[in-house]
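Source file: query.txt; contents: compact mmCIF, C-alpha atoms.
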```
# COMPACT_ATOMS: atom_id res chain seq x y z
CA MET A 32 -5.52 -68.90 40.84
CA ARG A 33 -5.94 -69.34 37.10
CA CYS A 34 -3.39 -71.76 35.64
CA LEU A 35 -2.29 -70.07 32.41
CA ARG A 36 -0.44 -72.27 29.93
CA LEU A 37 2.82 -70.91 28.55
CA SER A 38 2.19 -71.52 24.84
CA PRO A 39 -0.89 -69.22 24.59
CA ILE A 40 1.01 -66.53 26.53
CA ARG A 41 3.91 -66.73 24.06
CA ALA A 42 1.47 -66.58 21.14
CA PHE A 43 -0.25 -63.56 22.70
CA ASP A 44 3.09 -61.83 23.37
CA ALA A 45 4.26 -62.31 19.79
CA ALA A 46 0.95 -61.07 18.35
CA ALA A 47 0.99 -58.06 20.69
CA ARG A 48 4.49 -57.08 19.60
CA HIS A 49 3.82 -57.54 15.86
CA GLY A 50 0.21 -56.39 15.81
CA ASN A 51 -0.39 -59.26 13.45
CA PHE A 52 -1.22 -62.97 13.88
CA ARG A 53 0.59 -63.98 10.68
CA LEU A 54 3.89 -62.40 11.75
CA ALA A 55 3.48 -63.92 15.20
CA ALA A 56 3.00 -67.33 13.58
CA GLU A 57 6.18 -66.89 11.51
CA GLU A 58 8.18 -65.99 14.62
CA LEU A 59 6.89 -68.99 16.54
CA HIS A 60 7.05 -71.39 13.55
CA LEU A 61 3.32 -72.09 13.83
CA THR A 62 0.40 -71.71 11.46
CA HIS A 63 -1.76 -68.59 11.48
CA GLY A 64 -4.69 -70.74 12.61
CA ALA A 65 -2.73 -72.21 15.54
CA VAL A 66 -1.85 -68.73 16.85
CA ALA A 67 -5.44 -67.52 16.46
CA GLN A 68 -6.73 -70.62 18.25
CA GLN A 69 -4.33 -70.20 21.18
CA ILE A 70 -5.26 -66.55 21.61
CA ARG A 71 -8.99 -67.34 21.45
CA ALA A 72 -8.47 -70.00 24.13
CA LEU A 73 -6.64 -67.45 26.31
CA GLU A 74 -9.43 -64.89 25.83
CA ASP A 75 -12.03 -67.53 26.74
CA GLN A 76 -10.11 -68.45 29.89
CA LEU A 77 -9.78 -64.81 30.96
CA GLY A 78 -13.29 -63.88 29.90
CA GLN A 79 -12.02 -60.76 28.10
CA SER A 80 -11.11 -59.75 24.57
CA LEU A 81 -7.40 -59.06 24.24
CA PHE A 82 -7.36 -57.91 20.62
CA GLU A 83 -9.59 -55.87 18.37
CA ARG A 84 -9.62 -57.63 15.00
CA LEU A 85 -8.96 -55.12 12.21
CA PRO A 86 -9.09 -55.48 8.40
CA ARG A 87 -5.29 -55.58 8.48
CA GLY A 88 -3.77 -56.92 11.64
CA VAL A 89 -4.99 -56.54 15.21
CA ALA A 90 -4.88 -53.91 17.95
CA LEU A 91 -4.69 -54.47 21.68
CA THR A 92 -7.71 -53.73 23.80
CA ALA A 93 -7.22 -52.03 27.18
CA ALA A 94 -7.15 -55.47 28.83
CA GLY A 95 -4.73 -56.71 26.18
CA ALA A 96 -2.36 -53.77 26.71
CA HIS A 97 -2.34 -54.45 30.46
CA LEU A 98 -1.56 -58.13 29.94
CA ALA A 99 1.03 -57.42 27.22
CA LYS A 100 3.21 -55.37 29.56
CA ALA A 101 3.13 -58.04 32.29
CA SER A 102 3.62 -60.99 29.91
CA ARG A 103 6.63 -59.33 28.21
CA ALA A 104 8.32 -58.76 31.58
CA ALA A 105 7.57 -62.33 32.71
CA LEU A 106 8.84 -63.92 29.49
CA GLU A 107 12.01 -61.83 29.53
CA LEU A 108 12.66 -62.94 33.10
CA MET A 109 12.08 -66.58 32.13
CA ASP A 110 14.38 -66.29 29.11
CA GLN A 111 17.12 -64.77 31.28
CA ALA A 112 16.75 -67.61 33.77
CA VAL A 113 17.06 -70.22 31.00
CA ASP A 114 20.10 -68.45 29.54
CA ALA A 115 21.69 -68.41 32.98
CA LEU A 116 21.09 -72.14 33.37
CA GLU A 117 22.64 -72.84 29.99
CA THR A 118 25.72 -70.69 30.61
CA GLY A 119 26.09 -71.48 34.31
CA GLN A 120 25.62 -67.78 35.09
CA LYS A 121 23.48 -66.25 37.81
CA THR A 122 21.55 -63.14 36.77
CA LEU A 123 21.22 -60.29 39.26
CA GLN A 124 18.33 -57.90 38.76
CA ILE A 125 19.58 -54.43 39.79
CA SER A 126 17.34 -51.34 39.92
CA VAL A 127 19.17 -48.02 39.45
CA PRO A 128 18.31 -44.39 38.64
CA PRO A 129 18.12 -43.80 34.87
CA SER A 130 20.90 -41.18 34.81
CA PHE A 131 23.23 -43.36 36.91
CA ALA A 132 22.60 -46.25 34.51
CA ALA A 133 23.18 -44.19 31.37
CA ARG A 134 26.20 -42.20 32.55
CA TRP A 135 28.10 -44.71 34.70
CA LEU A 136 26.82 -48.24 35.27
CA VAL A 137 26.30 -49.36 31.66
CA ALA A 138 29.94 -48.59 30.85
CA ALA A 139 31.10 -50.36 34.02
CA ILE A 140 29.22 -53.65 33.43
CA PRO A 141 32.05 -55.30 31.43
CA GLU A 142 34.42 -54.60 34.34
CA PHE A 143 32.04 -56.29 36.77
CA GLU A 144 31.42 -59.31 34.56
CA ALA A 145 35.15 -59.71 33.90
CA ALA A 146 35.71 -59.83 37.67
CA HIS A 147 32.67 -62.10 38.21
CA PRO A 148 32.18 -64.21 35.06
CA GLU A 149 29.70 -66.41 36.93
CA LEU A 150 27.35 -63.42 37.34
CA ARG A 151 25.36 -61.36 34.88
CA LEU A 152 23.75 -57.99 35.57
CA ALA A 153 20.26 -57.17 34.32
CA ILE A 154 19.69 -53.43 34.76
CA SER A 155 16.29 -51.85 35.36
CA ALA A 156 16.38 -48.05 35.14
CA ASP A 157 13.77 -46.81 37.60
CA ALA A 158 13.48 -43.56 39.52
CA ASN A 159 11.72 -45.22 42.47
CA ILE A 160 12.76 -48.09 44.75
CA GLN A 161 10.67 -51.13 43.96
CA PRO A 162 9.99 -53.84 46.58
CA LEU A 163 12.95 -56.21 46.77
CA ARG A 164 11.98 -59.67 45.52
CA ARG A 165 14.53 -62.35 44.69
CA GLY A 166 14.83 -62.64 40.91
CA ILE A 167 12.67 -59.55 40.32
CA VAL A 168 14.65 -56.81 42.09
CA ASP A 169 17.66 -58.27 43.92
CA ALA A 170 19.16 -54.91 44.91
CA ALA A 171 18.75 -51.21 44.20
CA VAL A 172 21.08 -48.22 43.94
CA ARG A 173 19.68 -44.82 44.84
CA MET A 174 20.98 -41.26 45.06
CA GLY A 175 19.86 -38.77 47.68
CA PRO A 176 19.56 -38.69 51.46
CA ARG A 177 19.76 -42.10 53.12
CA PRO A 178 16.69 -44.10 51.96
CA GLY A 179 14.21 -44.75 54.74
CA VAL A 180 13.37 -48.35 53.88
CA GLU A 181 12.61 -50.78 56.71
CA GLY A 182 13.66 -54.42 56.91
CA VAL A 183 16.57 -54.12 54.46
CA VAL A 184 20.27 -53.28 54.54
CA VAL A 185 21.16 -49.77 53.35
CA THR A 186 24.85 -49.18 52.60
CA ARG A 187 26.33 -45.78 51.74
CA LEU A 188 28.52 -46.33 48.68
CA CYS A 189 30.01 -42.87 48.34
CA PRO A 190 29.13 -39.21 48.83
CA VAL A 191 27.84 -37.23 45.88
CA GLU A 192 29.99 -34.30 44.82
CA PHE A 193 28.05 -31.84 42.70
CA VAL A 194 29.63 -29.72 40.00
CA ALA A 195 28.33 -27.06 37.64
CA VAL A 196 29.35 -27.74 34.05
CA ALA A 197 29.02 -26.07 30.68
CA THR A 198 30.76 -26.31 27.34
CA PRO A 199 33.93 -24.18 27.09
CA ASP A 200 32.22 -21.83 24.61
CA TYR A 201 29.17 -21.40 26.84
CA ALA A 202 31.35 -20.88 29.92
CA GLU A 203 33.07 -17.97 28.16
CA ARG A 204 29.73 -16.27 27.52
CA ILE A 205 28.20 -16.43 31.01
CA GLY A 206 28.92 -14.31 34.08
CA ALA A 207 31.52 -15.21 36.64
CA PRO A 208 30.69 -17.36 39.69
CA PRO A 209 28.95 -17.39 42.06
CA ASP A 210 26.14 -15.53 40.26
CA PHE A 211 26.39 -16.78 36.68
CA GLU A 212 24.01 -13.97 35.80
CA GLY A 213 23.99 -14.70 32.08
CA ALA A 214 23.48 -18.45 32.37
CA ILE A 215 20.47 -20.57 31.53
CA LEU A 216 20.25 -23.21 34.26
CA LEU A 217 19.38 -26.71 33.05
CA GLN A 218 17.49 -28.08 36.04
CA ASP A 219 16.68 -31.73 36.72
CA ALA A 220 13.92 -33.12 38.92
CA HIS A 221 16.15 -33.22 42.02
CA GLU A 222 16.25 -29.39 42.07
CA TYR A 223 19.60 -29.18 43.83
CA ARG A 224 19.84 -25.71 42.28
CA VAL A 225 18.24 -24.31 45.43
CA ARG A 226 21.22 -25.59 47.45
CA PHE A 227 23.81 -23.90 45.26
CA LEU A 228 22.06 -20.88 43.80
CA PRO A 229 19.24 -20.03 46.25
CA GLY A 230 17.04 -17.08 45.43
CA ARG A 231 18.95 -16.02 42.34
CA GLY A 232 16.75 -15.26 39.37
CA ARG A 233 17.65 -16.69 35.96
CA ASP A 234 16.13 -18.61 33.09
CA ILE A 235 15.56 -22.24 34.04
CA TRP A 236 14.92 -25.09 31.61
CA ARG A 237 13.57 -28.16 33.39
CA TYR A 238 14.21 -31.84 32.66
CA ASN A 239 12.92 -34.84 34.59
CA TYR A 240 16.24 -36.74 34.49
CA THR A 241 19.78 -35.53 35.19
CA VAL A 242 21.08 -37.23 32.05
CA LEU A 243 18.81 -35.01 29.93
CA ALA A 244 20.12 -31.85 31.60
CA ILE A 245 23.69 -33.09 31.01
CA ASP A 246 22.94 -33.79 27.34
CA ALA A 247 21.39 -30.33 26.94
CA ALA A 248 24.48 -28.73 28.52
CA MET A 249 26.67 -30.71 26.11
CA GLU A 250 24.70 -29.17 23.26
CA GLY A 251 25.61 -25.71 24.59
CA GLN A 252 22.09 -24.89 25.78
CA GLY A 253 23.07 -23.83 29.31
CA MET A 254 24.75 -24.78 32.58
CA ALA A 255 23.90 -28.00 34.42
CA ILE A 256 24.45 -28.98 38.05
CA ALA A 257 25.17 -32.71 38.21
CA PRO A 258 27.00 -35.33 40.27
CA ARG A 259 30.68 -35.27 39.29
CA LEU A 260 30.51 -39.05 38.76
CA LEU A 261 28.15 -38.55 35.81
CA VAL A 262 30.26 -35.91 34.04
CA GLU A 263 33.80 -37.19 34.70
CA LYS A 264 34.36 -38.42 31.15
CA PRO A 265 33.27 -35.23 29.32
CA LEU A 266 35.32 -33.19 31.83
CA ARG A 267 38.43 -35.29 31.10
CA ARG A 268 37.85 -34.99 27.34
CA GLY A 269 37.47 -31.23 27.59
CA ASP A 270 33.86 -31.29 26.37
CA PHE A 271 32.83 -29.62 29.64
CA ARG A 272 34.43 -26.92 31.75
CA GLU A 273 33.97 -27.16 35.50
CA LEU A 274 32.48 -24.06 37.14
CA SER A 275 32.86 -23.35 40.86
CA LEU A 276 29.98 -23.78 43.31
CA PRO A 277 29.33 -22.20 46.71
CA GLU A 278 28.88 -25.55 48.48
CA THR A 279 28.66 -29.32 48.01
CA GLY A 280 25.90 -31.80 48.82
CA LYS A 281 27.66 -33.51 51.71
CA ASP A 282 24.43 -35.10 53.00
CA ILE A 283 23.66 -36.62 49.59
CA GLY A 284 25.12 -39.99 48.62
CA TYR A 285 24.77 -43.09 46.51
CA TYR A 286 23.24 -45.95 48.52
CA LEU A 287 22.83 -49.66 47.89
CA VAL A 288 19.67 -51.32 49.20
CA HIS A 289 19.50 -55.11 49.48
CA PRO A 290 17.76 -57.77 51.62
CA ALA A 291 18.99 -58.50 55.13
CA GLY A 292 20.31 -61.87 56.30
CA LEU A 293 22.21 -62.81 53.15
CA HIS A 294 24.99 -65.40 53.33
CA ARG A 295 28.46 -63.92 52.75
CA SER A 296 28.79 -65.79 49.45
CA ASP A 297 25.47 -64.46 48.12
CA PRO A 298 25.87 -62.89 44.63
CA VAL A 299 24.16 -59.71 45.84
CA LEU A 300 26.95 -59.17 48.39
CA ARG A 301 29.57 -59.81 45.70
CA PHE A 302 27.93 -57.07 43.65
CA ALA A 303 27.84 -54.85 46.75
CA ASP A 304 31.59 -55.30 47.33
CA TRP A 305 32.36 -54.57 43.68
CA ILE A 306 30.26 -51.42 43.31
CA LYS A 307 31.48 -49.96 46.59
CA GLY A 308 35.07 -50.45 45.47
CA ALA A 309 34.36 -49.09 41.98
CA LEU A 310 32.79 -45.92 43.39
CA SER A 311 35.34 -45.30 46.15
```
So, in terms of structure tokens, how does the structure I just supplied come out?
Amino acid sequence: MRCLRLSPIRAFDAAARHGNFRLAAEELHLTHGAVAQQIRALEDQLGQSLFERLPRGVALTAAGAHLAKASRAALELMDQAVDALETGQKTLQISVPPSFAARWLVAAIPEFEAAHPELRLAISADANIQPLRRGIVDAAVRMGPRPGVEGVVVTRLCPVEFVAVATPDYAERIGAPPDFEGAILLQDAHEYRVRFLPGRGRDIWRYNYTVLAIDAAMEGQGMAIAPRLLVEKPLRRGDFRELSLPETGKDIGYYLVHPAGLHRSDPVLRFADWIKGALS
């Protein structure tokens, strides 16, 4: 294994973010020459050019772009660990679906940290379950059928209740349920439409994340089918009107995935207890 020193990595990271050695030097309180020297030493050690030197500034090469993504993630993780040491907090790295993060978890973080001031949540919004590795991904929340992941603990947090929603004005314009003949359906990547409206022809606008379909519905662009959990607030405010559906997704749930064999006092299990209670 190559033993990479931290100072050249920090110099490289700063230059990659700024696209400029001078600005990187100002951030790190170094001279321009010191930053350039550290990056040259890193390039010599790796045997690859990381930057293309331009008349004004620098641009990452393909190798540099690859290293920049990894070095940024590694330095952020290190900074979080140092912060946790200084504050006495333990940081939990939690992977969750992007829509669940945007529409529920982000708003709930203060509640968790008030109940567990010794813990801090670091949220990674990811559509796929990443391998669980302590300090990298401590636990993951997923929506769908029960995840088929071996060698871990999978806990059902709650069932998912789906609801069709539209703005009050849009709801007045479309046909009555169950056909909604005049509606544009805002469809996310899960395609649960086929469960609720199978075989019925209509205009469909597709989005890769549920949160985008919800936002489009809020703009009056159509009708979205979404987990009730993600649209509870706009329903309570009156921004959305709930439309009836022919069935619910009883086999679909929110699940927590975490390593097996954890001690009862493990922070991951404290998070598990909290989120299960918050969703029940």
Per residue of stretch 94-213 of chain A within 12 Å of stretch 50-71 of chain A, what are the shortest atom pair and its distance in Å to one decimal, counting all atoms listed in the file, with rows by chain and residue number, as a Markdown table?
```
| residue | atom | partner | partner_atom | distance |
| --- | --- | --- | --- | --- |
| A:Gly95 | CA | A:Ile70 | CA | 10.9 |
| A:Ala96 | CA | A:Gly50 | CA | 11.5 |
| A:Ala99 | CA | A:Gly50 | CA | 11.5 |
```
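For the pair atom CA of A:Arg259 and atom CA of A:Cys189, the interatomic distance is 11.8 Å.
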Restricting the calculation to only C-alpha atoms: of A:His294, A:Arg267, A:Arg151, A:Arg187, which residue gets closest to A:Leu310? A:Arg187
Could you pull the residues within 12 Å of A:Val137, counting all atoms listed in the file, minus those fewer than 4 positions along the same chain, as a PDB file with C-alpha atoms, in the coordinates of the input?
```pdb
ATOM      1  CA  ILE A 125      19.580 -54.430  39.790  1.00  0.00           C
ATOM      2  CA  VAL A 127      19.170 -48.020  39.450  1.00  0.00           C
ATOM      3  CA  PRO A 128      18.310 -44.390  38.640  1.00  0.00           C
ATOM      4  CA  PRO A 129      18.120 -43.800  34.870  1.00  0.00           C
ATOM      5  CA  SER A 130      20.900 -41.180  34.810  1.00  0.00           C
ATOM      6  CA  PHE A 131      23.230 -43.360  36.910  1.00  0.00           C
ATOM      7  CA  ALA A 132      22.600 -46.250  34.510  1.00  0.00           C
ATOM      8  CA  ALA A 133      23.180 -44.190  31.370  1.00  0.00           C
ATOM      9  CA  PRO A 141      32.050 -55.300  31.430  1.00  0.00           C
ATOM     10  CA  GLU A 142      34.420 -54.600  34.340  1.00  0.00           C
ATOM     11  CA  PHE A 143      32.040 -56.290  36.770  1.00  0.00           C
ATOM     12  CA  GLU A 144      31.420 -59.310  34.560  1.00  0.00           C
ATOM     13  CA  LEU A 152      23.750 -57.990  35.570  1.00  0.00           C
ATOM     14  CA  ALA A 153      20.260 -57.170  34.320  1.00  0.00           C
ATOM     15  CA  ILE A 154      19.690 -53.430  34.760  1.00  0.00           C
ATOM     16  CA  SER A 155      16.290 -51.850  35.360  1.00  0.00           C
ATOM     17  CA  ALA A 156      16.380 -48.050  35.140  1.00  0.00           C
ATOM     18  CA  LEU A 261      28.150 -38.550  35.810  1.00  0.00           C
TER      19      LEU A 261
END
```
Write out as an MDAnalysis selection string each polymer residue whose atoms come within 12 Å of stretch 73-76 of chain A, counting only C-alpha atoms; drop sequence neighbours fewer than 5 positions from it. chainID A and resid 32:44 66:68 81:83 92 94:95 98
So that I have them on file, write out the residues from the current selection with C-alpha atoms, as a compact mmCIF listing (two decimals), in the coordinates of the input.
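Saved as part_5.txt:
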```txt
# COMPACT_ATOMS: atom_id res chain seq x y z
CA MET A 32 -5.52 -68.90 40.84
CA ARG A 33 -5.94 -69.34 37.10
CA CYS A 34 -3.39 -71.76 35.64
CA LEU A 35 -2.29 -70.07 32.41
CA ARG A 36 -0.44 -72.27 29.93
CA LEU A 37 2.82 -70.91 28.55
CA SER A 38 2.19 -71.52 24.84
CA PRO A 39 -0.89 -69.22 24.59
CA ILE A 40 1.01 -66.53 26.53
CA ARG A 41 3.91 -66.73 24.06
CA ALA A 42 1.47 -66.58 21.14
CA PHE A 43 -0.25 -63.56 22.70
CA ASP A 44 3.09 -61.83 23.37
CA VAL A 66 -1.85 -68.73 16.85
CA ALA A 67 -5.44 -67.52 16.46
CA GLN A 68 -6.73 -70.62 18.25
CA LEU A 81 -7.40 -59.06 24.24
CA PHE A 82 -7.36 -57.91 20.62
CA GLU A 83 -9.59 -55.87 18.37
CA THR A 92 -7.71 -53.73 23.80
CA ALA A 94 -7.15 -55.47 28.83
CA GLY A 95 -4.73 -56.71 26.18
CA LEU A 98 -1.56 -58.13 29.94
```
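When atom CA of A:His147 is paired with atom CA of A:Lys121, their separation reads 10.1 Å.
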Shortest interatomic distance to A:Gln124 - which of A:Ile235, A:Leu163, A:Ala72, A:Val184, counting only C-alpha atoms: A:Leu163
Taking into account all atoms listed in the file, which residue in the set A:Gly166, A:Gly253, A:Pro148, A:Pro178 is nearest to A:Tyr286? A:Pro178
Between A:Gly175, A:Pro86, A:Gly78, A:Gly269, which residue has the minimum interatomic distance to A:Leu287, considering all atoms listed in the file?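 Going through A:Gly175, A:Pro86, A:Gly78, A:Gly269 one by one, the smallest distance to A:Leu287 is for A:Gly175.
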Name all residues at most 10 Å from A:Ala291 (count only C-alpha atoms; drop same-chain ones fewer than 6 positions away) and give them as number ranges by chain. A: 182-185
Rounded to one decimal in Å, what is the spacing between atom CA of A:Glu149 and atom CA of A:Ser311?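 Atom CA of A:Ser311 lies 23.7 Å from atom CA of A:Glu149.
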Minimum-distance residue to A:Leu293, chosen among A:Arg48, A:Thr241, A:Arg165, A:His97 (using all atoms listed in the file): A:Arg165
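Using all atoms listed in the file, the shortest contact distance between A:Ile167 and any of A:Ile205, A:Ala104, A:Ala195, A:Ala309 is found at A:Ala104.
Once all atoms listed in the file are considered, the residues situated within 8 Å of the file point (31.5, -59.5, 42.4) turn out to be Phe143, Glu144, Ala146, His147, Leu150, Pro298, Leu300, Arg301, Phe302, Ala303, Asp304 and Trp305 of chain A.
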Report as a list in words all protein, DNA and RNA residues lying within 12 Å of A:Gly251, evaluated on only C-alpha atoms, omitting residues in the same chain fewer than 6 positions from it.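 So, after excluding close chain neighbours, the residues are Val196, Ala197, Thr198, Pro199, Asp200, Tyr201, Ala202, Glu203, Arg204, Ile205, Ala214, Ile215, Leu216, Leu217, Ala244, Ile245, Asp270, Phe271 and Arg272 of chain A.
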Put a box with edges along x, y and z around all the listed atoms of stretch 129-134 of chain A, pad it by 8 Å on each side, then give me its centre and sizes in Å, one decimal, as JSON.
```
{"center_x": 22.2, "center_y": -43.7, "center_z": 34.1, "size_x": 24.1, "size_y": 21.1, "size_z": 21.5}
```
How would stretch 177-197 of chain A of the given structure read as a file with N, CA and C atoms, as a compact mmCIF listing (two decimals), in the first residue's frame?
```
# COMPACT_ATOMS: atom_id res chain seq x y z
N ARG A 177 -39.26 -6.24 1.81
CA ARG A 177 -38.19 -6.50 2.76
C ARG A 177 -36.86 -6.71 2.03
N PRO A 178 -35.81 -5.93 2.36
CA PRO A 178 -34.53 -6.08 1.66
C PRO A 178 -33.94 -7.47 1.87
N GLY A 179 -33.46 -8.04 0.81
CA GLY A 179 -32.82 -9.36 0.89
C GLY A 179 -31.33 -9.24 1.07
N VAL A 180 -30.90 -8.81 2.23
CA VAL A 180 -29.47 -8.62 2.51
C VAL A 180 -29.05 -9.64 3.55
N GLU A 181 -28.01 -10.41 3.27
CA GLU A 181 -27.57 -11.47 4.18
C GLU A 181 -26.57 -10.93 5.20
N GLY A 182 -26.57 -11.58 6.37
CA GLY A 182 -25.58 -11.28 7.39
C GLY A 182 -25.81 -9.99 8.15
N VAL A 183 -27.02 -9.42 8.05
CA VAL A 183 -27.35 -8.19 8.77
C VAL A 183 -28.71 -8.36 9.43
N VAL A 184 -29.08 -7.39 10.26
CA VAL A 184 -30.40 -7.37 10.88
C VAL A 184 -31.29 -6.43 10.07
N VAL A 185 -32.46 -6.93 9.66
CA VAL A 185 -33.42 -6.12 8.92
C VAL A 185 -34.68 -5.99 9.78
N THR A 186 -35.02 -4.76 10.15
CA THR A 186 -36.16 -4.50 11.02
C THR A 186 -37.20 -3.68 10.27
N ARG A 187 -38.45 -4.17 10.26
CA ARG A 187 -39.54 -3.42 9.64
C ARG A 187 -39.93 -2.28 10.58
N LEU A 188 -39.81 -1.05 10.11
CA LEU A 188 -40.12 0.11 10.94
C LEU A 188 -41.60 0.44 10.92
N CYS A 189 -42.20 0.41 9.75
CA CYS A 189 -43.63 0.69 9.63
C CYS A 189 -44.06 0.35 8.21
N PRO A 190 -45.35 0.07 8.02
CA PRO A 190 -45.84 -0.12 6.65
C PRO A 190 -45.90 1.20 5.93
N VAL A 191 -45.93 1.15 4.60
CA VAL A 191 -46.06 2.35 3.80
C VAL A 191 -47.50 2.45 3.31
N GLU A 192 -48.14 3.54 3.66
CA GLU A 192 -49.49 3.82 3.17
C GLU A 192 -49.37 4.82 2.03
N PHE A 193 -49.83 4.43 0.86
CA PHE A 193 -49.75 5.31 -0.29
C PHE A 193 -51.02 6.15 -0.41
N VAL A 194 -50.85 7.34 -0.93
CA VAL A 194 -51.98 8.24 -1.14
C VAL A 194 -51.75 9.02 -2.42
N ALA A 195 -52.84 9.25 -3.15
CA ALA A 195 -52.77 10.11 -4.33
C ALA A 195 -53.08 11.53 -3.89
N VAL A 196 -52.25 12.48 -4.31
CA VAL A 196 -52.43 13.86 -3.89
C VAL A 196 -52.35 14.79 -5.09
N ALA A 197 -53.03 15.92 -4.95
CA ALA A 197 -52.98 16.99 -5.93
C ALA A 197 -53.36 18.27 -5.22
```
